[in-house]
Amino acid sequence: MAKYRKLGRTSSQRKALIRNQVTALLNNGKIVTTEAKAKEIRKVAEGLIALAVKEKDNFEEVTVMAKVARKDQDGKRVKEVVDGKKVTVYDEVEKTIKKDMPSRLHARREMLKVLCPVVEVKDGKKRSAKEVDLVAKLFDEIAPKYENRNGGYTRIVKIGLRKGDAAMEVLLELV
């Protein structure tokens with residue numbers, strides 16, 4: 001018996017398809033796809049969620065000193081003239097950051113191997129586009145939701161046959 005479905009694609013196409021579908025599932029919470037694809041996507045998605053659940057609290061909070069540009073009431077950087085050049089003024093500020101432990105850092109990098117970058121566009125303008133950090137979403141939103149659950153993070157609901165080729169369509173969603 002085979003370990004995976006080939007989905008009628010070359011290995012690179014199949015890997016890209018699964019990466020894109022897993023990214024869409026974790027970003028949106030549910031996707032509509034064929035049954036065979038859903039079963040393959042489920043394997044990868046559940047592995048990522050299990051990794052996030054395992055490593056979600058594995059960090060330490062560290063206080064660091066950071067240089068931050070001083071800003072005026074309009075939100076623009078304050079500039080000073082030094083030796084005939086305009087130079088931005090910086091202030092020293094204490095910030096608390098999360099420092100990943102080695103195993104969480106490894107988990108984060110394993111997730112980044114699979115997940116594609118996601119850009120969220122608001123109001124149809126490229127200028128207001130923001131990159132979504134899916135790894136942070138996995139650790140901060142999705143993992144706490146499934147903390148007391150032993151697997152079974154996704155659900156496949158059959159919708160019916162697709163009109164064009166009569167392939168069974170399913171809804172793959174996070175439980």
# chains A, B, ... in the order shown; residues from 1 in each chain; ligands from 1
>>> residues_around(residues="Leu161 (chain A)", least_positions_apart="5", cutoff="12 Å", atoms="only C-alpha atoms", output="JSON, numbers by chain")
{"A": [33, 34, 35, 166, 167, 168, 169, 170]}
>>> closest_residue(among="A:Val175, A:Val53, A:Val68, A:Cys116", to="Asn20 (chain A)", atoms="only C-alpha atoms")
A:Cys116
>>> residues_around(residues="Thr96 (chain A)", least_positions_apart="5", cutoff="7 Å", atoms="only C-alpha atoms", output="list in words")
Glu61, Val62, Thr63 and Val64 of chain A
>>> residues_around(residues="Thr23 (chain A)", least_positions_apart="3", cutoff="9 Å", atoms="only C-alpha atoms", output="PyMOL selection string")
chain A and resi 18-20+26-28+45+114-118+134
>>> select_by_dssp(residues="chain A", states="helix (DSSP H, G or I)", output="PyMOL selection string")
chain A and resi 11-28+35-55+102-114+126-128+134-145
>>> write_last_selection(atoms="C-alpha atoms", output="PDB file, in the first residue's frame")
ATOM      1  CA  SER A  11       6.286  15.581  -6.881  1.00  0.00           C
ATOM      2  CA  SER A  12       7.049  19.314  -7.056  1.00  0.00           C
ATOM      3  CA  GLN A  13       3.506  20.157  -8.207  1.00  0.00           C
ATOM      4  CA  ARG A  14       2.037  17.934  -5.487  1.00  0.00           C
ATOM      5  CA  LYS A  15       4.193  19.539  -2.799  1.00  0.00           C
ATOM      6  CA  ALA A  16       3.188  23.028  -3.959  1.00  0.00           C
ATOM      7  CA  LEU A  17      -0.495  22.065  -4.031  1.00  0.00           C
ATOM      8  CA  ILE A  18      -0.397  20.649  -0.502  1.00  0.00           C
ATOM      9  CA  ARG A  19       1.544  23.662   0.837  1.00  0.00           C
ATOM     10  CA  ASN A  20      -0.963  26.091  -0.681  1.00  0.00           C
ATOM     11  CA  GLN A  21      -3.995  24.151   0.543  1.00  0.00           C
ATOM     12  CA  VAL A  22      -2.613  23.742   4.098  1.00  0.00           C
ATOM     13  CA  THR A  23      -1.808  27.467   4.203  1.00  0.00           C
ATOM     14  CA  ALA A  24      -5.349  28.321   3.052  1.00  0.00           C
ATOM     15  CA  LEU A  25      -6.861  25.933   5.617  1.00  0.00           C
ATOM     16  CA  LEU A  26      -4.927  27.412   8.540  1.00  0.00           C
ATOM     17  CA  ASN A  27      -5.504  30.986   7.365  1.00  0.00           C
ATOM     18  CA  ASN A  28      -9.248  30.689   6.669  1.00  0.00           C
ATOM     19  CA  GLU A  35     -11.811  14.046  -1.103  1.00  0.00           C
ATOM     20  CA  ALA A  36      -8.393  12.657  -2.098  1.00  0.00           C
ATOM     21  CA  LYS A  37      -6.704  16.065  -1.745  1.00  0.00           C
ATOM     22  CA  ALA A  38      -8.443  16.655   1.602  1.00  0.00           C
ATOM     23  CA  LYS A  39      -7.093  13.408   3.036  1.00  0.00           C
ATOM     24  CA  GLU A  40      -3.534  14.354   2.058  1.00  0.00           C
ATOM     25  CA  ILE A  41      -3.895  17.931   3.318  1.00  0.00           C
ATOM     26  CA  ARG A  42      -5.307  16.674   6.598  1.00  0.00           C
ATOM     27  CA  LYS A  43      -2.121  14.687   7.345  1.00  0.00           C
ATOM     28  CA  VAL A  44       0.128  17.724   6.971  1.00  0.00           C
ATOM     29  CA  ALA A  45      -2.201  20.172   8.745  1.00  0.00           C
ATOM     30  CA  GLU A  46      -2.714  17.916  11.760  1.00  0.00           C
ATOM     31  CA  GLY A  47       1.053  17.429  12.065  1.00  0.00           C
ATOM     32  CA  LEU A  48       1.607  21.201  12.137  1.00  0.00           C
ATOM     33  CA  ILE A  49      -1.155  21.760  14.695  1.00  0.00           C
ATOM     34  CA  ALA A  50       0.199  18.950  16.905  1.00  0.00           C
ATOM     35  CA  LEU A  51       3.653  20.556  16.745  1.00  0.00           C
ATOM     36  CA  ALA A  52       2.176  23.948  17.705  1.00  0.00           C
ATOM     37  CA  VAL A  53       0.239  22.430  20.631  1.00  0.00           C
ATOM     38  CA  LYS A  54       3.380  20.683  21.908  1.00  0.00           C
ATOM     39  CA  GLU A  55       5.582  23.808  21.759  1.00  0.00           C
ATOM     40  CA  PRO A 102      15.588  25.751  20.884  1.00  0.00           C
ATOM     41  CA  SER A 103      12.844  23.146  20.373  1.00  0.00           C
ATOM     42  CA  ARG A 104      10.206  25.827  19.685  1.00  0.00           C
ATOM     43  CA  LEU A 105      12.552  27.553  17.253  1.00  0.00           C
ATOM     44  CA  HIS A 106      13.017  24.240  15.444  1.00  0.00           C
ATOM     45  CA  ALA A 107       9.233  23.761  15.352  1.00  0.00           C
ATOM     46  CA  ARG A 108       8.807  27.282  13.946  1.00  0.00           C
ATOM     47  CA  ARG A 109      11.317  26.550  11.180  1.00  0.00           C
ATOM     48  CA  GLU A 110       9.637  23.220  10.353  1.00  0.00           C
ATOM     49  CA  MET A 111       6.308  25.073  10.027  1.00  0.00           C
ATOM     50  CA  LEU A 112       7.877  27.709   7.779  1.00  0.00           C
ATOM     51  CA  LYS A 113       9.064  24.904   5.463  1.00  0.00           C
ATOM     52  CA  VAL A 114       5.437  23.992   4.796  1.00  0.00           C
ATOM     53  CA  LYS A 126      -1.846  47.178  -2.277  1.00  0.00           C
ATOM     54  CA  ARG A 127      -0.579  49.924   0.013  1.00  0.00           C
ATOM     55  CA  SER A 128      -2.735  48.676   2.884  1.00  0.00           C
ATOM     56  CA  LEU A 134       0.731  32.124  10.189  1.00  0.00           C
ATOM     57  CA  VAL A 135       3.286  30.551  12.522  1.00  0.00           C
ATOM     58  CA  ALA A 136       2.399  33.083  15.236  1.00  0.00           C
ATOM     59  CA  LYS A 137      -1.295  32.405  14.533  1.00  0.00           C
ATOM     60  CA  LEU A 138      -0.655  28.676  14.993  1.00  0.00           C
ATOM     61  CA  PHE A 139       1.108  29.206  18.329  1.00  0.00           C
ATOM     62  CA  ASP A 140      -1.158  31.974  19.721  1.00  0.00           C
ATOM     63  CA  GLU A 141      -4.670  31.209  18.398  1.00  0.00           C
ATOM     64  CA  ILE A 142      -4.954  27.663  17.066  1.00  0.00           C
ATOM     65  CA  ALA A 143      -2.770  25.727  19.577  1.00  0.00           C
ATOM     66  CA  PRO A 144      -4.555  26.976  22.753  1.00  0.00           C
ATOM     67  CA  LYS A 145      -7.881  25.954  21.199  1.00  0.00           C
TER      68      LYS A 145
END
>>> atom_distance(atom1="CA of Leu172 (chain A)", atom2="CA of Thr154 (chain A)")
6.9 Å
>>> select_by_dssp(residues="region 8-165 of chain A", states="strand (DSSP E or B)", output="number ranges by chain")
A: 30-34, 59-69, 71, 77, 79-82, 85-88, 90-100, 118-120, 130-132, 154-161
>>> closest_residue(among="A:Ile97, A:Val132, A:Leu171, A:Val82", to="Lys30 (chain A)", atoms="only C-alpha atoms")
A:Leu171
>>> closest_residue(among="A:Lys79, A:Met101, A:Lys163, A:Leu174", to="Lys56 (chain A)", atoms="only C-alpha atoms")
A:Met101
>>> closest_residue(among="A:Asp165, A:Lys158, A:Lys86, A:Asn150", to="Val32 (chain A)", atoms="only C-alpha atoms")
A:Lys158
